[in-house]
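I have placed the structure first, in the form of structure tokens, so that the comments after it can refer back to it.
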Amino acid sequence: MSDIRMEDLGDGKFSLHGELTFKTAAKALEASRRLFDDHASIKVDLADVSRTDSAGLALLLEWVNWARNYVREIRFDNVPEQIVAIAQISEVDDMLSRGERWTGVV
């Protein structure tokens, strides 16, 4: 069974574990709403995402949009190759780093 888990590492740092797919992206989004709210600068490590699809890209772009709307910074580390490939094919790969510029804090 596919599942996703978001781990709070402290100081606005988070890690995703599991499959980030159509079946799990909504769960990750819901968890992030509670976890991200208190942070001006957020870093999400995707190294432990074992499988992903276009829903994973959609989630990352949703987080970038949220960060822009709430004047937050969001950065993604270890983005899975599948997400990068889908973003490049869709010509939105530059959008994945747009959330990094708002507060200037890394």
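We label chains A, B, ... in the order they appear in the structure tokens, count residues from 1 in each chain, and number ligands from 1 in the order shown.
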- Exercise: Ala87 in chain A partners within 8 Å, only C-alpha atoms, chain neighbours under 5 positions left out, as a ChimeraX atom specification: /A:57,92-93
Generate a file of the selected residues that holds N, CA and C atoms, formatted as a short mmCIF file (atom, residue, chain, number, x, y, z; two decimals), in the first residue's frame.
data_model
loop_
_atom_site.label_atom_id
_atom_site.label_comp_id
_atom_site.auth_asym_id
_atom_site.auth_seq_id
_atom_site.Cartn_x
_atom_site.Cartn_y
_atom_site.Cartn_z
N LEU A 57 4.70 16.73 -8.59
CA LEU A 57 5.04 18.05 -9.15
C LEU A 57 3.95 19.06 -8.81
N VAL A 92 7.88 23.86 -16.72
CA VAL A 92 7.64 24.58 -15.46
C VAL A 92 8.77 24.35 -14.47
N ASP A 93 9.90 23.80 -14.94
CA ASP A 93 11.00 23.47 -14.03
C ASP A 93 11.54 24.71 -13.32
#
- Could you pull out the helix (DSSP H, G or I) residues of range 77-106 of chain A from DSSP and send them as a PyMOL selection string? chain A and resi 81-89+93-100
- Lys27 in chain A: which residues within 10 Å, counting only C-alpha atoms, same-chain residues fewer than 3 positions away excluded, as number ranges by chain? A: 3-6, 20, 22-24, 30-32
- Item | Proximity to Gly12 in chain A - best of A:Ile74, A:Met95, A:Ala67, A:Ala55, only C-alpha atoms | A:Ile74
- Expressed in Å to a single decimal, how great is the separation between CA of Ala58 in chain A and CA of Pro80 in chain A?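 According to the coordinates, CA of Ala58 in chain A and CA of Pro80 in chain A are separated by 13.4 Å.
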- Using DSSP on the backbone coordinates, identify the residues of chain A assigned to strand (DSSP E or B); present them as a ChimeraX atom specification. /A:4-10,13-20,41-52,73-77
Would you write out those residues with C-alpha atoms, as a compact mmCIF listing (two decimals), in the first residue's frame?
# COMPACT_ATOMS: atom_id res chain seq x y z
CA ILE A 4 3.45 9.32 2.44
CA ARG A 5 4.71 10.67 5.73
CA MET A 6 5.92 14.18 6.48
CA GLU A 7 8.50 14.47 9.23
CA ASP A 8 9.07 17.75 11.09
CA LEU A 9 12.84 18.07 11.61
CA GLY A 10 12.54 21.42 13.42
CA LYS A 13 12.88 21.76 7.92
CA PHE A 14 10.77 18.84 6.79
CA SER A 15 11.32 15.49 5.14
CA LEU A 16 8.92 13.45 3.03
CA HIS A 17 9.03 9.66 3.20
CA GLY A 18 7.21 7.22 0.92
CA GLU A 19 5.32 7.50 -2.33
CA LEU A 20 4.23 10.94 -3.50
CA SER A 41 11.46 29.82 5.73
CA ILE A 42 10.74 26.20 4.84
CA LYS A 43 13.02 23.49 3.48
CA VAL A 44 11.57 20.20 2.26
CA ASP A 45 13.89 17.24 1.69
CA LEU A 46 12.53 14.76 -0.84
CA ALA A 47 15.41 12.25 -0.68
CA ASP A 48 13.20 9.56 0.87
CA VAL A 49 10.43 9.80 -1.73
CA SER A 50 10.50 6.32 -3.24
CA ARG A 51 8.07 6.92 -6.11
CA THR A 52 6.29 9.91 -7.56
CA GLU A 73 10.28 31.05 1.39
CA ILE A 74 10.24 27.40 0.39
CA ARG A 75 13.12 25.35 -0.89
CA PHE A 76 13.23 21.76 -2.12
CA ASP A 77 16.24 19.50 -1.68
- Message: Restricting the calculation to only C-alpha atoms: of A:Ala25, A:Asp38, A:Val64, A:Ser2, which residue gets closest to Asp94 in chain A?
- Response: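 So, comparing all the options, the nearest one is A:Val64.
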- Query: Between CA of Ile89 in chain A and CA of Gly56 in chain A, what is the distance, to one decimal in Å?
  - Reply: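 Result for CA of Ile89 in chain A versus CA of Gly56 in chain A: 14.5 Å, one decimal.
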- Query: Suppose you want the space between CA of Asp37 in chain A and CA of Ser97 in chain A; what is it in Å?
  - Reply: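 Computing the Euclidean distance for CA of Asp37 in chain A and CA of Ser97 in chain A yields 19.5 Å.
Among the candidates A:Arg98, A:Asp53, A:Val84, A:Arg34, the one nearest to Val71 in chain A when counting only C-alpha atoms is A:Arg98.
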- Between A:Phe36, A:Asp11, A:Arg72, A:Leu29, which is the closest to Gly99 in chain A once you count only C-alpha atoms? A:Arg72
